[in-house]
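Enquirer: Next up, final.txt (compact mmCIF, C-alpha atoms).
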# COMPACT_ATOMS: atom_id res chain seq x y z
CA MET A 1 23.18 64.46 0.58
CA SER A 2 24.79 61.23 1.71
CA GLU A 3 23.03 61.08 5.08
CA THR A 4 19.81 62.28 6.63
CA GLU A 5 20.12 65.96 7.43
CA PRO A 6 17.97 69.08 7.39
CA ILE A 7 17.38 70.57 3.95
CA GLU A 8 18.93 73.98 3.61
CA GLN A 9 16.47 76.78 2.85
CA GLU A 10 17.22 80.21 1.46
CA SER A 11 14.72 81.84 3.81
CA THR A 12 13.18 81.16 7.20
CA GLN A 13 10.62 78.41 6.99
CA PRO A 14 7.02 79.38 7.73
CA LEU A 15 5.39 77.57 10.62
CA THR A 16 4.30 74.10 9.58
CA VAL A 17 1.09 74.41 11.54
CA GLY A 18 0.17 77.59 9.66
CA TYR A 19 0.71 75.88 6.32
CA PHE A 20 -1.55 72.97 7.19
CA ASP A 21 -4.17 75.24 8.75
CA CYS A 22 -4.42 76.93 5.35
CA GLU A 23 -4.55 73.59 3.53
CA ALA A 24 -7.21 72.05 5.79
CA ALA A 25 -10.30 73.07 3.84
CA CYS A 26 -9.10 71.45 0.61
CA TRP A 27 -7.19 68.49 2.07
CA THR A 28 -9.95 65.91 1.60
CA SER A 29 -10.48 66.92 -2.02
CA LYS A 30 -6.73 66.48 -2.61
CA TYR A 31 -7.03 62.85 -1.56
CA GLN A 32 -10.05 62.44 -3.82
CA ASN A 33 -8.47 64.08 -6.88
CA ASN A 34 -4.69 63.61 -6.59
CA ARG A 35 -3.58 60.30 -8.14
CA HIS A 36 -0.51 60.06 -5.92
CA PHE A 37 -2.51 60.53 -2.72
CA LYS A 38 -5.07 57.99 -3.90
CA LYS A 39 -2.29 55.52 -4.72
CA ARG A 40 -0.72 55.98 -1.28
CA LEU A 41 -4.04 55.42 0.43
CA ALA A 42 -4.69 52.29 -1.65
CA ILE A 43 -1.28 50.80 -0.80
CA VAL A 44 -1.63 51.50 2.91
CA TRP A 45 -5.17 50.13 3.03
CA GLN A 46 -4.04 46.97 1.24
CA TRP A 47 -1.38 46.48 3.91
CA LEU A 48 -3.78 47.23 6.75
CA SER A 49 -6.46 44.88 5.44
CA ARG A 50 -4.52 41.88 6.75
CA TYR A 51 -4.92 43.12 10.33
CA HIS A 52 -8.00 42.37 12.40
CA PRO A 53 -10.79 44.89 13.08
CA GLY A 54 -10.92 45.76 16.75
CA GLN A 55 -7.20 46.44 16.98
CA VAL A 56 -6.15 49.76 18.50
CA LEU A 57 -4.50 52.01 15.90
CA LEU A 58 -2.94 55.48 15.94
CA ASP A 59 -3.04 57.73 12.87
CA TYR A 60 -0.33 60.28 13.68
CA GLY A 61 -0.80 63.31 11.46
CA CYS A 62 -4.33 62.35 10.50
CA GLY A 63 -5.04 65.55 8.58
CA SER A 64 -8.68 65.83 7.56
CA GLY A 65 -9.35 62.25 8.59
CA VAL A 66 -9.50 60.48 5.22
CA LEU A 67 -7.66 57.33 6.35
CA LEU A 68 -9.06 57.66 9.85
CA LYS A 69 -12.61 57.39 8.52
CA VAL A 70 -11.78 54.27 6.49
CA LEU A 71 -10.22 52.61 9.54
CA ALA A 72 -13.13 53.51 11.83
CA GLU A 73 -15.67 52.20 9.34
CA ALA A 74 -13.68 48.95 9.07
CA GLY A 75 -14.06 48.40 12.81
CA PHE A 76 -10.65 49.45 14.13
CA GLN A 77 -10.36 51.39 17.39
CA VAL A 78 -8.62 54.52 16.11
CA THR A 79 -7.07 57.68 17.50
CA GLY A 80 -6.25 60.48 15.10
CA VAL A 81 -3.82 63.21 16.14
CA ASP A 82 -2.64 66.33 14.39
CA ILE A 83 -0.85 69.56 15.25
CA SER A 84 -3.30 71.62 13.16
CA GLU A 85 -6.58 72.57 14.84
CA SER A 86 -8.07 73.33 11.42
CA MET A 87 -7.21 69.84 10.18
CA LEU A 88 -8.82 68.32 13.26
CA ALA A 89 -11.93 70.43 12.69
CA GLU A 90 -12.17 69.06 9.13
CA ALA A 91 -11.60 65.54 10.42
CA SER A 92 -14.44 65.99 12.90
CA LYS A 93 -16.75 66.96 10.03
CA ASN A 94 -15.68 63.99 7.92
CA LEU A 95 -16.26 61.58 10.80
CA GLN A 96 -19.87 62.67 11.33
CA THR A 97 -21.11 59.90 9.03
CA VAL A 98 -19.19 57.11 10.79
CA LEU A 99 -21.76 54.69 12.16
CA ARG A 100 -19.84 53.91 15.35
CA LYS A 101 -18.45 57.07 16.89
CA ASP A 102 -17.31 55.31 20.07
CA ASN A 103 -14.34 53.70 18.28
CA VAL A 104 -12.71 56.92 17.04
CA ARG A 105 -11.29 59.97 18.79
CA LEU A 106 -9.35 63.08 17.79
CA VAL A 107 -6.49 64.57 19.81
CA ARG A 108 -4.38 67.67 19.21
CA VAL A 109 -0.63 67.20 19.64
CA ASN A 110 1.93 69.94 20.26
CA GLU A 111 5.36 70.39 18.69
CA HIS A 112 6.90 68.25 21.45
CA PHE A 113 4.64 65.31 20.49
CA GLU A 114 2.67 65.69 23.72
CA GLY A 115 -1.05 64.95 23.91
CA ASP A 116 -3.69 62.70 25.44
CA TYR A 117 -3.12 60.11 22.70
CA ALA A 118 -0.18 58.82 24.76
CA ASP A 119 -2.56 57.38 27.38
CA ARG A 120 -2.49 53.89 25.84
CA LEU A 121 -0.44 51.41 23.83
CA TYR A 122 -1.28 50.69 20.19
CA ASP A 123 -1.35 47.59 18.01
CA GLY A 124 -0.32 49.70 15.03
CA ILE A 125 0.75 53.23 14.13
CA VAL A 126 0.35 54.89 10.73
CA SER A 127 2.07 58.18 9.97
CA LEU A 128 1.85 59.31 6.35
CA GLY A 129 3.74 62.32 5.06
CA VAL A 130 4.65 63.57 8.53
CA ILE A 131 8.28 62.95 9.52
CA GLU A 132 9.66 65.11 6.69
CA TYR A 133 8.14 68.15 8.41
CA VAL A 134 9.55 67.33 11.86
CA SER A 135 12.99 68.64 12.74
CA ASP A 136 13.42 66.29 15.72
CA TYR A 137 12.21 63.20 13.87
CA PRO A 138 14.42 60.84 15.95
CA ALA A 139 12.43 61.87 19.03
CA LEU A 140 9.16 61.24 17.22
CA LEU A 141 10.27 57.78 16.12
CA ALA A 142 11.35 57.04 19.68
CA ARG A 143 7.88 58.06 20.86
CA PHE A 144 6.34 55.65 18.36
CA GLY A 145 8.51 52.89 19.79
CA GLN A 146 7.29 53.68 23.30
CA LEU A 147 3.62 53.61 22.30
CA LEU A 148 3.66 50.46 20.18
CA LYS A 149 2.97 47.02 21.62
CA PRO A 150 5.55 44.27 20.98
CA GLY A 151 4.69 42.70 17.63
CA GLY A 152 2.90 45.86 16.52
CA PHE A 153 3.49 47.63 13.23
CA LEU A 154 4.59 51.11 12.19
CA ILE A 155 3.79 52.31 8.66
CA LEU A 156 5.55 55.46 7.44
CA SER A 157 5.49 57.31 4.15
CA PHE A 158 8.19 59.87 3.37
CA PRO A 159 10.09 61.54 0.48
CA ASN A 160 12.66 59.13 -0.93
CA ARG A 161 15.99 60.94 -1.21
CA GLU A 162 17.40 58.08 -3.32
CA SER A 163 15.16 59.18 -6.19
CA TRP A 164 16.88 61.25 -8.85
CA LEU A 165 13.51 62.90 -9.42
CA ARG A 166 13.71 64.34 -5.91
CA ARG A 167 17.03 65.93 -6.85
CA VAL A 168 15.43 67.47 -9.95
CA GLU A 169 12.53 68.70 -7.82
CA ARG A 170 14.92 70.32 -5.35
CA TRP A 171 16.86 72.02 -8.16
CA VAL A 172 13.66 73.51 -9.60
CA PHE A 173 12.68 74.73 -6.14
CA GLN A 174 16.06 76.39 -5.61
CA HIS A 175 16.06 78.08 -9.06
CA PRO A 176 12.47 79.30 -9.44
CA ALA A 177 12.91 82.44 -11.58
CA PHE A 178 13.01 80.74 -14.99
CA PHE A 179 10.10 78.43 -14.23
CA ARG A 180 7.98 81.26 -12.83
CA LEU A 181 8.58 83.20 -16.04
CA PHE A 182 6.85 80.48 -18.03
CA GLY A 183 4.35 79.49 -15.35
CA LEU A 184 5.92 76.07 -14.87
CA PHE A 185 5.79 73.96 -11.70
CA PRO A 186 3.91 76.47 -9.51
CA HIS A 187 3.59 73.80 -6.79
CA LEU A 188 7.41 73.92 -6.49
CA THR A 189 8.18 77.56 -7.21
CA GLY A 190 5.22 79.34 -5.63
CA PRO A 191 5.26 80.95 -2.17
CA ASP A 192 3.00 78.21 -0.81
CA SER A 193 5.20 75.30 -1.95
CA TYR A 194 5.39 72.47 0.57
CA LEU A 195 9.16 72.45 0.07
CA ASN A 196 9.29 75.70 2.04
CA ILE A 197 8.47 73.78 5.20
CA GLN A 198 9.95 70.37 4.45
CA GLN A 199 12.73 69.63 6.96
CA CYS A 200 14.24 66.36 5.72
CA GLN A 201 14.18 63.64 3.10
CA PHE A 202 15.17 60.06 3.84
CA THR A 203 16.27 56.72 2.47
CA VAL A 204 14.78 53.46 3.68
CA PRO A 205 18.14 52.11 5.01
CA GLU A 206 18.60 55.27 7.10
CA LEU A 207 15.25 54.90 8.81
CA GLN A 208 15.75 51.16 9.16
CA SER A 209 19.04 51.76 10.97
CA LEU A 210 17.51 54.37 13.25
CA LEU A 211 14.46 52.27 14.11
CA MET A 212 16.59 49.22 14.90
CA THR A 213 17.69 51.07 18.04
CA HIS A 214 14.03 51.05 19.14
CA ASP A 215 13.58 47.30 18.57
CA PHE A 216 12.03 47.50 15.09
CA GLU A 217 12.60 45.08 12.25
CA MET A 218 12.11 45.85 8.57
CA GLY A 219 8.86 44.70 6.99
CA ARG A 220 7.51 45.69 3.60
CA VAL A 221 8.63 48.55 1.35
CA CYS A 222 6.95 50.13 -1.67
CA TYR A 223 8.01 53.05 -3.86
CA HIS A 224 5.63 55.22 -5.85
CA VAL A 225 5.13 58.72 -7.28
CA ALA A 226 6.62 59.73 -10.62
CA PRO A 227 5.46 61.86 -13.56
CA ILE A 228 2.96 60.07 -15.80
CA VAL A 229 5.58 59.45 -18.49
CA LEU A 230 7.76 57.64 -15.93
CA GLU A 231 4.97 55.92 -14.01
CA GLY A 232 6.26 52.50 -15.03
CA LEU A 233 9.54 53.23 -13.21
CA ALA A 234 7.97 54.53 -10.00
CA GLY A 235 8.49 51.23 -8.20
CA SER A 236 12.27 51.60 -8.26
CA PRO A 237 14.08 53.20 -5.28
CA SER A 238 16.17 55.23 -7.72
CA THR A 239 13.04 56.72 -9.31
CA GLY A 240 10.04 56.50 -6.98
CA MET A 241 9.76 59.83 -5.21
CA THR A 242 7.91 58.51 -2.16
CA ALA A 243 8.59 55.45 -0.05
CA ILE A 244 6.07 53.59 2.09
CA ALA A 245 7.70 51.33 4.66
CA GLU A 246 6.40 49.00 7.34
CA PHE A 247 8.42 48.23 10.45
CA ILE A 248 7.54 45.60 13.05
CA LYS A 249 8.38 46.00 16.73
CA ARG A 250 10.16 42.94 18.06
CA LYS A 251 8.33 40.80 20.59
CA GLN A 252 9.97 40.81 24.01
Is it possible to express this structure as structure tokens?

Expert:
Amino acid sequence: MSETEPIEQESTQPLTVGYFDCEAACWTSKYQNNRHFKKRLAIVWQWLSRYHPGQVLLDYGCGSGVLLKVLAEAGFQVTGVDISESMLAEASKNLQTVLRKDNVRLVRVNEHFEGDYADRLYDGIVSLGVIEYVSDYPALLARFGQLLKPGGFLILSFPNRESWLRRVERWVFQHPAFFRLFGLFPHLTGPDSYLNIQQCQFTVPELQSLLMTHDFEMGRVCYHVAPIVLEGLAGSPSTGMTAIAEFIKRKQ
């Protein structure tokens, strides 16, 4: 695909919220055991560590609260939102050990991005692995622009369509019979594959162009995720399957 567009599916996509409700109970352990998730968290935390505790941050699509807990414990004022009630329930459990509970809150958001989280402006917004599941992602990005203070930052992670490994992944997903026969790639060919609900993949320039219309400038970019044998090439946009990008809202 030469431009951002919905990914064609052979069957009707299951509801995204249902998928993540089912994943909620094991989501935290995925972050603890999956090397790609751990790498993503490490990169984002390294970027966030240059900002000052006390700033007001939004974690949009907070899941089971892994990053949210780290931010709260570091002294940030954080709001975590998610569309999945089960994910928010897990996040509430994970946040029980946070020493200061007055600097963190959880809010459920609906499919139109509505919720009580929009009652304030934020110094920074983090949204990891979210926009690829949102059909009206331009509206979500516009909402981020509305909620972010001038000079604030937006950190996104998303599937990098520039990566040839993403094209291989898509081909496996679309031709599952052979791989199922030999029990290969069940995370791509099984009925619970995340690709069943993924709406879009992106390139950094595409998102940069879109966000420019909402007064954002490009900040940092990092590519990661590749099979172990190609780990040394994961930092390249032509190989790294996931991009993490920071955008800065222009000061008025």

Enquirer: Please, which residues in segment 30-75 of chain A fall within 12 Å of segment 223-235 of chain A when counting all atoms listed in the file, and what is the closest atom pair and distance in Å to one decimal for each, ordered by chain then residue number, as JSON lines?

Expert:
{"residue": "A:Asn34", "atom": "CA", "partner": "A:Val225", "partner_atom": "CA", "distance": 11.0}
{"residue": "A:Arg35", "atom": "CA", "partner": "A:Val225", "partner_atom": "CA", "distance": 8.9}
{"residue": "A:His36", "atom": "CA", "partner": "A:Val225", "partner_atom": "CA", "distance": 6.0}
{"residue": "A:Phe37", "atom": "CA", "partner": "A:Val225", "partner_atom": "CA", "distance": 9.1}
{"residue": "A:Lys38", "atom": "CA", "partner": "A:Val225", "partner_atom": "CA", "distance": 10.8}
{"residue": "A:Lys39", "atom": "CA", "partner": "A:His224", "partner_atom": "CA", "distance": 8.0}
{"residue": "A:Arg40", "atom": "CA", "partner": "A:His224", "partner_atom": "CA", "distance": 7.9}
{"residue": "A:Leu41", "atom": "CA", "partner": "A:His224", "partner_atom": "CA", "distance": 11.5}
{"residue": "A:Ala42", "atom": "CA", "partner": "A:His224", "partner_atom": "CA", "distance": 11.5}
{"residue": "A:Ile43", "atom": "CA", "partner": "A:His224", "partner_atom": "CA", "distance": 9.6}
{"residue": "A:Val44", "atom": "CA", "partner": "A:Tyr223", "partner_atom": "CA", "distance": 11.9}

Enquirer: How would the residues just chosen look if you wrote them out with C-alpha atoms as a short mmCIF file (atom, residue, chain, number, x, y, z; two decimals), in the coordinates of the input?

Expert:
data_model
loop_
_atom_site.label_atom_id
_atom_site.label_comp_id
_atom_site.auth_asym_id
_atom_site.auth_seq_id
_atom_site.Cartn_x
_atom_site.Cartn_y
_atom_site.Cartn_z
CA ASN A 34 -4.69 63.61 -6.59
CA ARG A 35 -3.58 60.30 -8.14
CA HIS A 36 -0.51 60.06 -5.92
CA PHE A 37 -2.51 60.53 -2.72
CA LYS A 38 -5.07 57.99 -3.90
CA LYS A 39 -2.29 55.52 -4.72
CA ARG A 40 -0.72 55.98 -1.28
CA LEU A 41 -4.04 55.42 0.43
CA ALA A 42 -4.69 52.29 -1.65
CA ILE A 43 -1.28 50.80 -0.80
CA VAL A 44 -1.63 51.50 2.91
#

Enquirer: Which residue is closest to Gly54 of chain A? Choose from A:Val172, A:Leu154, A:Val104, A:Leu95 and count only C-alpha atoms.

Expert: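 Of all the options, A:Val104 lies closest to Gly54 of chain A.
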
Enquirer: Nearest to Tyr60 of chain A among A:Arg161, A:His187, A:Lys93, A:Arg143, with distances taken over all atoms listed in the file: which residue is it?

Expert: A:Arg143

Enquirer: Quick one: everything within 10 Å of Phe185 of chain A, counting all atoms listed in the file, minus sequence neighbours fewer than 4 positions away in the same chain. Send it as number ranges by chain.

Expert: A: 169, 172-173, 176, 179-180, 189-190, 193

Enquirer: I'd like the interatomic distance between atom CA of Ala91 of chain A and atom CA of Ser127 of chain A, to a tenth of an Å.

Expert: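 Interatomic distance, atom CA of Ala91 of chain A to atom CA of Ser127 of chain A: 15.5 Å.
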
Enquirer: Atom CA of Tyr51 of chain A and atom CA of Glu217 of chain A are how many Å apart?

Expert: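 Answer for the atom CA of Tyr51 of chain A to atom CA of Glu217 of chain A separation: 17.7 Å.
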
Enquirer: Which residues, written as a list in words, have at least one atom at most 7 Å from segment 110-126 of chain A, with all atoms listed in the file counted and residues fewer than 4 positions away on the same chain left out?

Expert: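 After dropping sequence-adjacent residues, the list is Gln55, Val56, Leu57, Leu58, Asp59, Tyr60, Thr79, Ile83, Leu140, Leu147, Leu148, Lys149, Gly152, Phe153, Leu154, Ile155 and Leu156 of chain A.
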
Enquirer: Nearest to Ala243 of chain A among A:Val78, A:Met212, A:Val98, A:Leu128, with distances taken over all atoms listed in the file: which residue is it?

Expert: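 Ranked by minimum distance to Ala243 of chain A, first place goes to A:Leu128.
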
Enquirer: Would you mind telling me which residue in A:Val130, A:Leu188, A:Ala139, A:Leu67 lies nearest to His214 of chain A when using only C-alpha atoms?

Expert: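 Answer, going by the shortest atom-to-atom distance: A:Ala139.
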